[in-house]
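Notes for the one structure printed next.
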Amino acid sequence: MKQLLILGAGTAGTMMANHMRPKLDKKEWQITIVDQYKTHYYQPGFLFLPFDIYTEDQVKKAGKKFIPKGVSYVQKKIEQIFPKENKVKLEDQTINYDILIIATGSKIAPEEVEGMKGANWHKNVFDFYTYEGSLALRNKLRTFKGGKMVVHFTEMPIKCPVAPLEFVFLADSYFNKKGMRDKVDLTFVTPLGGAFTKPKATASLSYLLKEKNIKVVTDFAIEHVDNDKNQIVDYADRAVDYDLLVTVPTNMGDKLIERSGMGDDLNFVPTHHNTLQSLDIENVFVIGDATNVPASKAGSVAHFQAETLTDNLLLYIDGKPLKEEFDGHANCFIETGNNKALLIDFNYTQEPVKGNFPFSGIGPLKLLTESILNHWGKLAFRWIYWHMLLKGIAIPFVSRNMSLKGKNI
């Protein structure tokens with residue numbers, strides 16, 4: 001019997017298990033998914049947990065319940081991939097494969113910046129990209145009396161590039177509701193030349209930061225965190241003071257990729273941008289945050305990738321040419337606070353623009369425009385994630401490739 005082996009039972013890996021099980025003959029193909037962790041986290045929820053918008057049990061569930069029947073689920077640490085031998089070594093066994101899907105995601109690496117994971121880590125220096133960090137930050141914010149709050153990210157790429165901006169917008173709203181916004185000096189610090197990752201979005205939406213009295217420090221390449229002076233310092237010796245630092249550390253692929261000699265400098269796997277096949281090994285495919293494709297590392301991207309990858313795996317099995325189809329499509333809600341949000345839709349070549357979504361004439365969602373409806377769309381996505389996305393169910397009216405209909409291009 002042939003073996004399709006999936007490494008990682010996060011968003012992308014779980015989706016692929018659900019996509020592929022109905023499409024492969026159970027008499028010919030065994031599907032195995034491996035992950036050392038029992039808990040599946042709704043990572044977009046880490047943005048809301050610090051502000052008491054979501055509770056702990058809304059962002060985590062037992063991972064096993066989302067693995068389809070007929071798929072072998074192995075909860076063990078993955079030690080190393082041996083691609084030339086078509087095998088993967090786990091902590092106490094070895095699994096051979098015919099096709100390998102790498103869906104091992106990305107993780108924060110605060111140790112990459114001197115002093116970041118120092119004496120004040122999760123005391124007055126926090127991340128919100130992990131469950132532990134988000135929960136610790138929630139507890140800190142409940143008792144925060146005011147001062148200089150700095151929201152910062154280290155470098156690209158990061159999971160959901162708009163999340164740091166969303167955090168600072170939600171912080172503004174949070175402190176306003178608590179009646180203490182005048183006691184909090186909010187600063188957003190970015191290594192980029194503008195607040196948003198896309199130039200057109202920066203030009204269109206910078207007014208939001210001015211309206212909310214949020215200071216912006218651009219082109220800040222962090223060199224170290226000074227835990228004694230409560231400062232972040234860049235390579236040009238610029239320093240930004242903080243009482244509370246909320247930072248997004250360097251994001252890196254899993255250390256498994258480094259151990260296996262299959263990644264780039266950040267442990268992301270070199271991947272064909274349109275087929276999602278490994279550039280180095282023919283029977284290895286990569287999806288989600290584990291890839292080095294220049295697309296947003298977000299759940300919507302993994303969802304669109306999964307649809308193309310499913311087709312390409314079936315073509316590969318049949319010995320047919322792969323579709324060079326995936327276009328980097330990303331679809332993201334951006335929380336702007338006060339129960340409003342923006343919606344952006346873009347891909348490798350097309351920046352976010354204004355327009356209607358998903359229908360060109362009636363929307364009902366507006367692109368690059370604040371609205372309450374977009375906010376509810378963001379909150380509704382949690383239900384969609386648990387009940388549709390992970391199960392490989394297509395989201396109605398949203399195509400895997402970006403449509404230009406309704407966009408003001």
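Chain lettering (A, B, ...) mirrors the order of the structure tokens, residue numbering begins at 1 for each chain separately, and ligand numbering begins at 1 in order of display.
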12 Å contact set for Asn120 of chain A, only C-alpha atoms, chain neighbours under 6 positions out, as a PyMOL selection string: chain A and resi 126-127+225-231+243-246
As a compact mmCIF listing (two decimals) with N, CA and C atoms, in the first residue's frame, please: every residue in segment 223-282 of chain A that a backbone DSSP assignment puts in strand (DSSP E).
```txt
# COMPACT_ATOMS: atom_id res chain seq x y z
N GLU A 223 18.03 45.90 16.86
CA GLU A 223 19.31 45.24 17.15
C GLU A 223 19.26 44.52 18.48
N HIS A 224 18.67 45.17 19.51
CA HIS A 224 18.53 44.49 20.79
C HIS A 224 17.44 45.13 21.64
N VAL A 225 17.03 44.40 22.65
CA VAL A 225 16.11 44.89 23.66
C VAL A 225 16.92 45.14 24.93
N ASP A 226 16.84 46.36 25.45
CA ASP A 226 17.54 46.71 26.68
C ASP A 226 16.57 46.56 27.84
N GLN A 231 14.01 49.71 26.70
CA GLN A 231 14.13 50.30 25.37
C GLN A 231 14.33 49.21 24.33
N ILE A 232 13.82 49.47 23.12
CA ILE A 232 14.26 48.71 21.96
C ILE A 232 15.19 49.61 21.16
N VAL A 233 16.29 49.04 20.66
CA VAL A 233 17.34 49.82 20.01
C VAL A 233 17.61 49.22 18.64
N ASP A 234 17.71 50.07 17.62
CA ASP A 234 17.96 49.57 16.28
C ASP A 234 19.44 49.70 15.92
N ALA A 239 16.59 54.63 19.74
CA ALA A 239 15.97 53.92 20.86
C ALA A 239 14.53 54.36 21.03
N VAL A 240 13.65 53.40 21.32
CA VAL A 240 12.25 53.68 21.63
C VAL A 240 11.97 53.17 23.03
N ASP A 241 11.53 54.07 23.91
CA ASP A 241 11.23 53.71 25.30
C ASP A 241 9.86 53.03 25.41
N LEU A 244 5.49 48.98 28.44
CA LEU A 244 4.95 47.68 28.03
C LEU A 244 5.26 47.49 26.55
N LEU A 245 6.01 46.44 26.24
CA LEU A 245 6.39 46.13 24.86
C LEU A 245 5.62 44.90 24.39
N VAL A 246 4.89 45.07 23.29
CA VAL A 246 4.21 43.95 22.63
C VAL A 246 4.91 43.76 21.30
N THR A 247 5.65 42.68 21.17
CA THR A 247 6.51 42.50 20.01
C THR A 247 6.17 41.23 19.25
N VAL A 248 6.41 41.27 17.95
CA VAL A 248 6.32 40.07 17.11
C VAL A 248 7.76 39.70 16.76
N ASN A 251 9.87 35.31 12.75
CA ASN A 251 9.14 34.06 12.50
C ASN A 251 10.03 33.14 11.67
N MET A 252 10.13 31.89 12.09
CA MET A 252 10.98 30.92 11.39
C MET A 252 10.23 29.61 11.19
N GLY A 253 10.64 28.87 10.16
CA GLY A 253 10.10 27.55 9.97
C GLY A 253 10.56 26.62 11.08
```
Residues at most 8 Å from Phe169 of chain A, counting only C-alpha atoms, excluding those fewer than 4 positions away in the same chain, as an NGL selection string? :A and (165 or 173 or 212 or 335-337)
Quick one: write out the picked residues with C-alpha atoms as a compact mmCIF listing (two decimals), in the first residue's frame?
```txt
# COMPACT_ATOMS: atom_id res chain seq x y z
CA LEU A 165 -1.49 46.83 13.22
CA SER A 173 -10.30 50.78 21.38
CA LYS A 212 -6.36 57.38 16.85
CA GLU A 335 -9.67 44.98 12.83
CA THR A 336 -9.55 48.76 13.26
CA GLY A 337 -11.21 48.95 16.68
```
Compile the contact shell of Lys64 of chain A as a ChimeraX atom specification: residues with an atom at most 10 Å away, counting only C-alpha atoms, same-chain residues fewer than 6 positions apart removed. /A:9,14,37-40,73-75
Any chance you could export the current selection's C-alpha atoms as a PDB file, in the first residue's frame?
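So the final result, stored in selection-v5.pdb, reads:
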```
ATOM      1  CA  ALA A   9      -1.693  18.829  12.007  1.00  0.00           C
ATOM      2  CA  THR A  14      -5.516  19.163   8.778  1.00  0.00           C
ATOM      3  CA  TYR A  37       0.841  18.364  19.982  1.00  0.00           C
ATOM      4  CA  LYS A  38      -2.637  17.320  21.146  1.00  0.00           C
ATOM      5  CA  THR A  39      -4.196  20.788  21.006  1.00  0.00           C
ATOM      6  CA  HIS A  40      -5.262  22.610  17.853  1.00  0.00           C
ATOM      7  CA  TYR A  73      -3.080  10.209  13.423  1.00  0.00           C
ATOM      8  CA  VAL A  74       0.338   9.852  15.082  1.00  0.00           C
ATOM      9  CA  GLN A  75       1.138  12.111  18.051  1.00  0.00           C
TER      10      GLN A  75
END
```
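What separates atom CA of Phe66 of chain A from atom CA of Leu5 of chain A is a distance of 16.7 Å.
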I need the helix (DSSP H, G or I) residues of segment 83-169 of chain A per DSSP on the backbone, written as a ChimeraX atom specification. /A:110-112,131-143,163-169
Those same residues, written as an mmCIF file, in the first residue's frame with C-alpha atoms?
```
data_model
loop_
_atom_site.group_PDB
_atom_site.id
_atom_site.type_symbol
_atom_site.label_atom_id
_atom_site.label_comp_id
_atom_site.auth_asym_id
_atom_site.auth_seq_id
_atom_site.Cartn_x
_atom_site.Cartn_y
_atom_site.Cartn_z
ATOM 1 C CA PRO A 110 12.553 35.695 20.171
ATOM 2 C CA GLU A 111 16.055 34.382 20.835
ATOM 3 C CA GLU A 112 17.091 35.774 17.438
ATOM 4 C CA TYR A 131 -1.236 30.903 23.219
ATOM 5 C CA GLU A 132 1.000 31.311 26.261
ATOM 6 C CA GLY A 133 2.082 34.809 25.247
ATOM 7 C CA SER A 134 -1.429 35.959 24.414
ATOM 8 C CA LEU A 135 -2.790 34.655 27.718
ATOM 9 C CA ALA A 136 0.016 36.273 29.740
ATOM 10 C CA LEU A 137 -0.586 39.559 27.938
ATOM 11 C CA ARG A 138 -4.313 39.380 28.728
ATOM 12 C CA ASN A 139 -3.503 39.081 32.419
ATOM 13 C CA LYS A 140 -1.070 42.003 32.187
ATOM 14 C CA LEU A 141 -3.547 44.284 30.404
ATOM 15 C CA ARG A 142 -6.200 43.645 33.043
ATOM 16 C CA THR A 143 -3.998 45.400 35.597
ATOM 17 C CA ALA A 163 -1.862 41.462 12.897
ATOM 18 C CA PRO A 164 0.534 43.926 14.617
ATOM 19 C CA LEU A 165 -1.488 46.829 13.216
ATOM 20 C CA GLU A 166 -4.724 45.170 14.272
ATOM 21 C CA PHE A 167 -3.305 44.811 17.759
ATOM 22 C CA VAL A 168 -2.490 48.504 18.086
ATOM 23 C CA PHE A 169 -5.955 49.468 16.771
#
```
Under the rule that only C-alpha atoms are counted, which of A:Val71, A:Leu309, A:Leu4, A:Val113 is the nearest residue to Ala221 of chain A?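 Looking only at the distances to Ala221 of chain A, the closest residue turns out to be A:Val113.
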Minimum-distance residue to Thr271 of chain A, chosen among A:Ile344, A:Ile101, A:Leu367, A:Val398 (using only C-alpha atoms): A:Ile101
Neighbouring residues of Lys391 of chain A were defined as those with any atom within 10 Å, considering only C-alpha atoms; residues of the same chain fewer than 5 positions away were excluded. Please report them as a VMD selection string. chain A and resid 11 14 to 19 66 to 68 384 to 386
Just C-alpha atoms for this one: save the residues we selected as a JSON list (two decimals), in the first residue's frame.
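Saved the output as again.json:
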```
[["chain", "number", "residue", "atom", "x", "y", "z"],
["A", 11, "THR", "CA", -4.42, 24.49, 9.74],
["A", 14, "THR", "CA", -5.52, 19.16, 8.78],
["A", 15, "MET", "CA", -7.12, 20.66, 5.67],
["A", 16, "MET", "CA", -5.01, 18.44, 3.41],
["A", 17, "ALA", "CA", -5.99, 15.31, 5.35],
["A", 18, "ASN", "CA", -9.65, 16.23, 4.89],
["A", 19, "HIS", "CA", -9.19, 17.08, 1.20],
["A", 66, "PHE", "CA", -10.70, 17.38, 13.08],
["A", 67, "ILE", "CA", -8.77, 14.47, 11.56],
["A", 68, "PRO", "CA", -11.08, 12.49, 9.23],
["A", 384, "ILE", "CA", -16.09, 29.13, 9.49],
["A", 385, "TYR", "CA", -12.62, 27.99, 10.57],
["A", 386, "TRP", "CA", -13.80, 25.25, 12.95]]
```
Can you tell me which residues surround Gly45 of chain A at a distance of at most 8 Å, considering only C-alpha atoms, apart from same-chain residues fewer than 2 positions away, and format the answer as an mmCIF file with N, CA and C atoms, in the first residue's frame?
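Output file part_36.cif follows:
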```
data_model
loop_
_atom_site.group_PDB
_atom_site.id
_atom_site.type_symbol
_atom_site.label_atom_id
_atom_site.label_comp_id
_atom_site.auth_asym_id
_atom_site.auth_seq_id
_atom_site.Cartn_x
_atom_site.Cartn_y
_atom_site.Cartn_z
ATOM 1 N N TYR A 42 -6.794 27.975 17.331
ATOM 2 C CA TYR A 42 -7.288 28.946 16.349
ATOM 3 C C TYR A 42 -6.411 30.182 16.500
ATOM 4 N N GLN A 43 -5.354 30.245 15.705
ATOM 5 C CA GLN A 43 -4.335 31.269 15.914
ATOM 6 C C GLN A 43 -4.833 32.704 15.711
ATOM 7 N N LEU A 47 -5.124 37.199 18.708
ATOM 8 C CA LEU A 47 -5.242 38.657 18.626
ATOM 9 C C LEU A 47 -6.302 39.187 19.585
ATOM 10 N N PHE A 48 -7.369 38.417 19.788
ATOM 11 C CA PHE A 48 -8.510 38.871 20.583
ATOM 12 C C PHE A 48 -8.405 38.498 22.058
ATOM 13 N N LEU A 49 -7.668 37.438 22.352
ATOM 14 C CA LEU A 49 -7.575 36.948 23.729
ATOM 15 C C LEU A 49 -7.044 38.007 24.703
ATOM 16 N N TYR A 54 -12.198 37.186 23.173
ATOM 17 C CA TYR A 54 -12.368 35.735 23.139
ATOM 18 C C TYR A 54 -11.918 35.150 24.470
ATOM 19 N N GLN A 58 -12.344 29.287 23.407
ATOM 20 C CA GLN A 58 -12.759 29.625 22.049
ATOM 21 C C GLN A 58 -11.609 29.543 21.049
ATOM 22 N N VAL A 59 -10.388 29.451 21.549
ATOM 23 C CA VAL A 59 -9.242 29.452 20.646
ATOM 24 C C VAL A 59 -8.485 28.122 20.643
ATOM 25 N N ARG A 382 -14.284 32.688 12.810
ATOM 26 C CA ARG A 382 -13.951 31.636 13.772
ATOM 27 C C ARG A 382 -14.860 30.427 13.583
#
```
Can you list, as a VMD selection string, every protein, DNA or RNA residue that comes within 10 Å of Asn312 of chain A when you count only C-alpha atoms, leaving out same-chain residues fewer than 6 positions away? chain A and resid 275 to 277 285 306 318 320 to 325
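Straight-line separation from atom CA of Thr369 of chain A to atom CA of Leu343 of chain A: 7.0 Å.
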Return the single residue from A:Asp219, A:Glu79, A:Glu351, A:Asp327 that is closest to Ala195 of chain A, with distances computed using only C-alpha atoms.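 Closest candidate: A:Asp219.
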Restricting the calculation to only C-alpha atoms, which member of A:Pro199, A:Gly261, A:Pro191, A:Gly8 is positioned closest to Val353 of chain A?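 So, comparing all the options, the nearest one is A:Pro199.
Our summary of the geometry notes that atom CA of Tyr316 of chain A is positioned 12.6 Å from atom CA of Leu24 of chain A.
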